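Trainee: Here you go, one structure.
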Amino acid sequence: MHINTDALRTSLEQLRKSPHDTDVVRALGRIVGSVDQLFGYDGAGIMLIDEHQRLMFVAASDEVGKSLEQAQADAEQGPCHDTYVEGRLVTTKDVRSDARWPQLVELLDERVRAVAGVPIMLGGSPVGTLNVYRSEPAEWDDSDISALRAYAGLAAELVTAALSSQQNSVTATQLQYALDYRVVIERAIGYLMATHGIDAVSAFNRLRKQARDSRRRVADLAAEILGDDVR
């Protein structure tokens, strides 16, 4: 283990004691900065889902980290993309040699190698991801994973507080919409997986592409597939 548990605990306590911020972007930016400073990664970032079920850049510790998030948004694939869709930890020792995301590699900054993503969960559903990267291939140990999950839990607390505020930003409003219809979308993903014999990521991408091609909201298409009415 290379992450000091006392330093982790102190960092989390300081963030929780910091002044309450109803701006979700500013609040999450503080988490990114703390993750980056405490653990010595080469960069960290947070992505949140919008009303079109797209992962969007929210905060990053540096320009390379921002480019990693943007590349995944553009390619619609990558460890952080899979983290959101599957609601679980996804890591890679070296994303550039990982066969799971061939389109992503073409868009990546050459300084991005090892990548880890953990989901930010609200109400049992993922609403975004906390991501870190290293500039050299590396394994991710248990101390990395425990620390990232702890910070993702804090991020969820801050997002919840922002959504409860009467001063919601555009980001918070988009996130609330996505959260409201996440269950419907998850059910539609399950239906597509069972019907077509595909995995969750493929089902999610198929659903979103069909919605985009027909210029409809993902939630509306998901409800139609299930025979529900979300309006």
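Letters A, B, ... go to the chains of the structure tokens in the order shown; residues in each chain start at 1; ligands are counted from 1 in the same order.
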Env of Gln176 in chain A: 10 Å cut, atoms = only C-alpha atoms, seq-sep filter 5 positions within chain, self excluded. Answer as a ChimeraX atom specification.

Mentor: /A:49-51,127,159-160,163-164,168,170-171,181-182

Trainee: Report as a VMD selection string all protein, DNA and RNA residues lying within 10 Å of Leu192 in chain A, evaluated on only C-alpha atoms, omitting residues in the same chain fewer than 3 positions from it.

Mentor: chain A and resid 186 to 189 195 to 200 202 to 204 206 to 207 222 225

Trainee: DSSP on the backbone: what in range 84-134 of chain A comes out helix (DSSP H, G or I), as a PyMOL selection string?

Mentor: chain A and resi 84-86+95-97+102-105

Trainee: Kindly export the residues of the current selection with N, CA and C atoms, as a short mmCIF file (atom, residue, chain, number, x, y, z; two decimals), in the first residue's frame.

Mentor:
```cif
data_model
loop_
_atom_site.label_atom_id
_atom_site.label_comp_id
_atom_site.auth_asym_id
_atom_site.auth_seq_id
_atom_site.Cartn_x
_atom_site.Cartn_y
_atom_site.Cartn_z
N TYR A 84 -19.07 4.36 -15.83
CA TYR A 84 -20.41 4.93 -15.70
C TYR A 84 -21.49 3.92 -16.10
N VAL A 85 -21.34 3.33 -17.28
CA VAL A 85 -22.38 2.44 -17.79
C VAL A 85 -22.60 1.24 -16.87
N GLU A 86 -21.50 0.65 -16.39
CA GLU A 86 -21.58 -0.57 -15.60
C GLU A 86 -21.68 -0.30 -14.10
N VAL A 95 -3.62 2.12 -21.00
CA VAL A 95 -4.75 2.30 -21.92
C VAL A 95 -4.33 2.26 -23.38
N ARG A 96 -3.07 2.60 -23.65
CA ARG A 96 -2.61 2.66 -25.03
C ARG A 96 -2.43 1.26 -25.65
N SER A 97 -2.27 0.25 -24.81
CA SER A 97 -2.11 -1.12 -25.32
C SER A 97 -3.31 -1.99 -24.97
N PRO A 102 -10.19 0.66 -28.82
CA PRO A 102 -9.31 1.00 -29.95
C PRO A 102 -9.50 2.42 -30.49
N GLN A 103 -10.73 2.91 -30.50
CA GLN A 103 -10.98 4.26 -31.04
C GLN A 103 -10.45 5.34 -30.10
N LEU A 104 -10.42 5.05 -28.81
CA LEU A 104 -9.96 6.03 -27.83
C LEU A 104 -8.47 6.33 -27.99
N VAL A 105 -7.69 5.30 -28.26
CA VAL A 105 -6.23 5.46 -28.34
C VAL A 105 -5.84 6.52 -29.35
#
```

Trainee: Please report, as CSV, each residue of range 72-186 of chain A lying at most 9 Å from range 30-48 of chain A, together with the nearest pair of atoms and the separation in Å rounded to one decimal; use only C-alpha atoms, and order rows by chain and ascending residue number.

Mentor:
```
residue,atom,partner,partner_atom,distance
A:Cys80,CA,A:Met47,CA,8.4
A:Val112,CA,A:Asp42,CA,8.8
A:Ile120,CA,A:Leu48,CA,8.5
A:Val127,CA,A:Leu48,CA,5.9
A:Gly128,CA,A:Leu48,CA,4.0
A:Thr129,CA,A:Met47,CA,5.3
A:Leu130,CA,A:Ile46,CA,4.6
A:Asn131,CA,A:Gly45,CA,5.2
A:Val132,CA,A:Ala44,CA,4.2
A:Tyr133,CA,A:Gly43,CA,5.5
A:Arg134,CA,A:Asp42,CA,5.0
A:Ser135,CA,A:Asp42,CA,6.3
A:Asp144,CA,A:Phe39,CA,8.4
A:Ala147,CA,A:Val35,CA,8.7
A:Leu148,CA,A:Val35,CA,8.0
A:Tyr151,CA,A:Ile31,CA,7.2
A:Ala152,CA,A:Ile31,CA,8.9
A:Leu154,CA,A:Ile31,CA,8.2
A:Ala155,CA,A:Ile31,CA,7.1
A:Thr171,CA,A:Leu48,CA,8.5
A:Leu175,CA,A:Leu48,CA,7.3
```

Trainee: Output C-alpha atoms for every residue in that selection, as a PDB file, in the first residue's frame.

Mentor:
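Wrote it out as again-v1.pdb, contents follow:
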```pdb
ATOM      1  CA  CYS A  80     -14.390   6.021 -17.434  1.00  0.00           C
ATOM      2  CA  VAL A 112      -1.845   9.136 -20.598  1.00  0.00           C
ATOM      3  CA  ILE A 120     -20.084   8.493  -8.427  1.00  0.00           C
ATOM      4  CA  VAL A 127     -24.270   9.781 -12.263  1.00  0.00           C
ATOM      5  CA  GLY A 128     -20.618  10.312 -13.120  1.00  0.00           C
ATOM      6  CA  THR A 129     -17.062   9.155 -12.577  1.00  0.00           C
ATOM      7  CA  LEU A 130     -13.933  10.103 -10.673  1.00  0.00           C
ATOM      8  CA  ASN A 131     -10.893   9.376 -12.819  1.00  0.00           C
ATOM      9  CA  VAL A 132      -7.118   9.384 -12.330  1.00  0.00           C
ATOM     10  CA  TYR A 133      -4.232   8.733 -14.679  1.00  0.00           C
ATOM     11  CA  ARG A 134      -0.501   8.082 -14.658  1.00  0.00           C
ATOM     12  CA  SER A 135       1.993   8.919 -17.381  1.00  0.00           C
ATOM     13  CA  ASP A 144      -5.599   3.260  -4.707  1.00  0.00           C
ATOM     14  CA  ALA A 147      -8.985   5.972  -1.637  1.00  0.00           C
ATOM     15  CA  LEU A 148     -10.734   6.629  -4.941  1.00  0.00           C
ATOM     16  CA  TYR A 151     -13.427  10.408  -2.659  1.00  0.00           C
ATOM     17  CA  ALA A 152     -16.182   9.282  -5.018  1.00  0.00           C
ATOM     18  CA  LEU A 154     -17.604  12.455  -0.913  1.00  0.00           C
ATOM     19  CA  ALA A 155     -18.294  13.680  -4.450  1.00  0.00           C
ATOM     20  CA  THR A 171     -24.950  21.458 -14.557  1.00  0.00           C
ATOM     21  CA  LEU A 175     -27.786  16.089 -13.699  1.00  0.00           C
TER      22      LEU A 175
END
```

Trainee: Within 8 Å of Glu136 in chain A, counting only C-alpha atoms, which residues qualify if same-chain residues fewer than 4 places away don't, as a list in words?

Mentor: Asp94, Arg111, Val112, Arg113 and Ala114 of chain A

Trainee: Would you compute the distance between CA of Pro126 in chain A and CA of Gly87 in chain A? Give it in Å to one decimal.

Mentor: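 Atom-to-atom, CA of Pro126 in chain A to CA of Gly87 in chain A, that is 5.5 Å.
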
Trainee: Need the shell around range 215-217 of chain A: protein/DNA/RNA residues with any atom at most 12 Å away, counting only C-alpha atoms. Skip same-chain ones fewer than 3 positions apart. Format as a ChimeraX atom specification?

Mentor: /A:50-54,177-178,181,185,207-212,220-224,230-231

Trainee: Write the residues of the preceding selection, restricted to C-alpha atoms, as a PDB file, in the first residue's frame.

Mentor:
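Listed below is the output, again-v1.pdb:
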```
ATOM      1  CA  ASP A  50     -26.022  15.299 -18.775  1.00  0.00           C
ATOM      2  CA  GLU A  51     -29.650  15.088 -19.851  1.00  0.00           C
ATOM      3  CA  HIS A  52     -28.630  13.272 -23.050  1.00  0.00           C
ATOM      4  CA  GLN A  53     -26.768  10.582 -21.085  1.00  0.00           C
ATOM      5  CA  ARG A  54     -23.412  11.914 -22.249  1.00  0.00           C
ATOM      6  CA  TYR A 177     -32.920  15.249 -15.201  1.00  0.00           C
ATOM      7  CA  ALA A 178     -30.489  12.427 -15.944  1.00  0.00           C
ATOM      8  CA  TYR A 181     -34.785   8.908 -15.669  1.00  0.00           C
ATOM      9  CA  ILE A 185     -32.726   3.812 -19.006  1.00  0.00           C
ATOM     10  CA  LEU A 207     -29.748   3.072 -27.169  1.00  0.00           C
ATOM     11  CA  ARG A 208     -28.013   6.439 -27.235  1.00  0.00           C
ATOM     12  CA  LYS A 209     -27.152   6.222 -30.951  1.00  0.00           C
ATOM     13  CA  GLN A 210     -30.739   5.386 -31.851  1.00  0.00           C
ATOM     14  CA  ALA A 211     -31.975   8.315 -29.760  1.00  0.00           C
ATOM     15  CA  ARG A 212     -29.469  10.658 -31.399  1.00  0.00           C
ATOM     16  CA  ASP A 220     -38.159   8.872 -24.114  1.00  0.00           C
ATOM     17  CA  LEU A 221     -36.761   6.125 -26.343  1.00  0.00           C
ATOM     18  CA  ALA A 222     -36.073   3.905 -23.328  1.00  0.00           C
ATOM     19  CA  ALA A 223     -39.664   4.370 -22.132  1.00  0.00           C
ATOM     20  CA  GLU A 224     -40.989   3.511 -25.591  1.00  0.00           C
ATOM     21  CA  VAL A 230     -42.072   9.111 -18.591  1.00  0.00           C
ATOM     22  CA  ARG A 231     -43.933  12.376 -19.265  1.00  0.00           C
TER      23      ARG A 231
END
```

Trainee: Go through A:Ala138, A:Ala59, A:Val115, A:Leu68 one by one, measure the shortest atom-to-atom distance of each to Val24 in chain A using only C-alpha atoms, and give the residue with the smallest value.

Mentor: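 Of A:Ala138, A:Ala59, A:Val115, A:Leu68, the one nearest Val24 in chain A is A:Ala59, counting only C-alpha atoms.
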
Trainee: Using Å and a single decimal, report how far CA of Arg149 in chain A sits from CA of Pro137 in chain A.

Mentor: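 Taking CA of Pro137 in chain A and CA of Arg149 in chain A, their separation equals 21.2 Å.
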
Trainee: Run DSSP on the backbone and give me the residues of range 129-189 of chain A it puts in strand (DSSP E), as a list in words.

Mentor: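 Everything in range 129-189 of chain A that counts as strand (DSSP E) is Thr129, Leu130, Asn131, Val132, Tyr133 and Arg134 of chain A.
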
Trainee: What does the file look like for those residues with N, CA, C and O atoms, as a PDB file, in the first residue's frame?

Mentor:
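Printed below is again-v4.pdb as written:
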```pdb
ATOM      1  N   THR A 129     -18.250   9.926 -12.912  1.00  0.00           N
ATOM      2  CA  THR A 129     -17.062   9.155 -12.577  1.00  0.00           C
ATOM      3  C   THR A 129     -15.954  10.052 -12.035  1.00  0.00           C
ATOM      4  O   THR A 129     -15.832  11.216 -12.424  1.00  0.00           O
ATOM      5  N   LEU A 130     -15.174   9.492 -11.130  1.00  0.00           N
ATOM      6  CA  LEU A 130     -13.933  10.103 -10.673  1.00  0.00           C
ATOM      7  C   LEU A 130     -12.804   9.319 -11.327  1.00  0.00           C
ATOM      8  O   LEU A 130     -12.767   8.090 -11.233  1.00  0.00           O
ATOM      9  N   ASN A 131     -11.911  10.031 -12.004  1.00  0.00           N
ATOM     10  CA  ASN A 131     -10.893   9.376 -12.819  1.00  0.00           C
ATOM     11  C   ASN A 131      -9.500   9.874 -12.462  1.00  0.00           C
ATOM     12  O   ASN A 131      -9.317  11.054 -12.158  1.00  0.00           O
ATOM     13  N   VAL A 132      -8.515   8.988 -12.520  1.00  0.00           N
ATOM     14  CA  VAL A 132      -7.118   9.384 -12.330  1.00  0.00           C
ATOM     15  C   VAL A 132      -6.269   8.714 -13.407  1.00  0.00           C
ATOM     16  O   VAL A 132      -6.642   7.682 -13.963  1.00  0.00           O
ATOM     17  N   TYR A 133      -5.124   9.333 -13.689  1.00  0.00           N
ATOM     18  CA  TYR A 133      -4.232   8.733 -14.679  1.00  0.00           C
ATOM     19  C   TYR A 133      -2.777   8.869 -14.250  1.00  0.00           C
ATOM     20  O   TYR A 133      -2.427   9.714 -13.416  1.00  0.00           O
ATOM     21  N   ARG A 134      -1.943   8.022 -14.831  1.00  0.00           N
ATOM     22  CA  ARG A 134      -0.501   8.082 -14.658  1.00  0.00           C
ATOM     23  C   ARG A 134       0.148   8.140 -16.032  1.00  0.00           C
ATOM     24  O   ARG A 134      -0.400   7.618 -17.010  1.00  0.00           O
TER      25      ARG A 134
END
```

Trainee: Which one of A:Met193, A:Gln14, A:Ala172, A:Val201 sits closest to His81 in chain A if you count only C-alpha atoms?

Mentor: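 When distances to His81 in chain A are compared using only C-alpha atoms, the smallest one comes from A:Val201.
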
Trainee: At what distance in Å, to one decimal, does CA of Leu179 in chain A lie from CA of Thr91 in chain A?

Mentor: 24.7 Å

Trainee: Which residue is closest to Asp109 in chain A? Choose from A:Leu158, A:Ala71, A:Ala7, A:Met56 and count only C-alpha atoms.

Mentor: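 Smallest separation from Asp109 in chain A among the options: A:Ala71.
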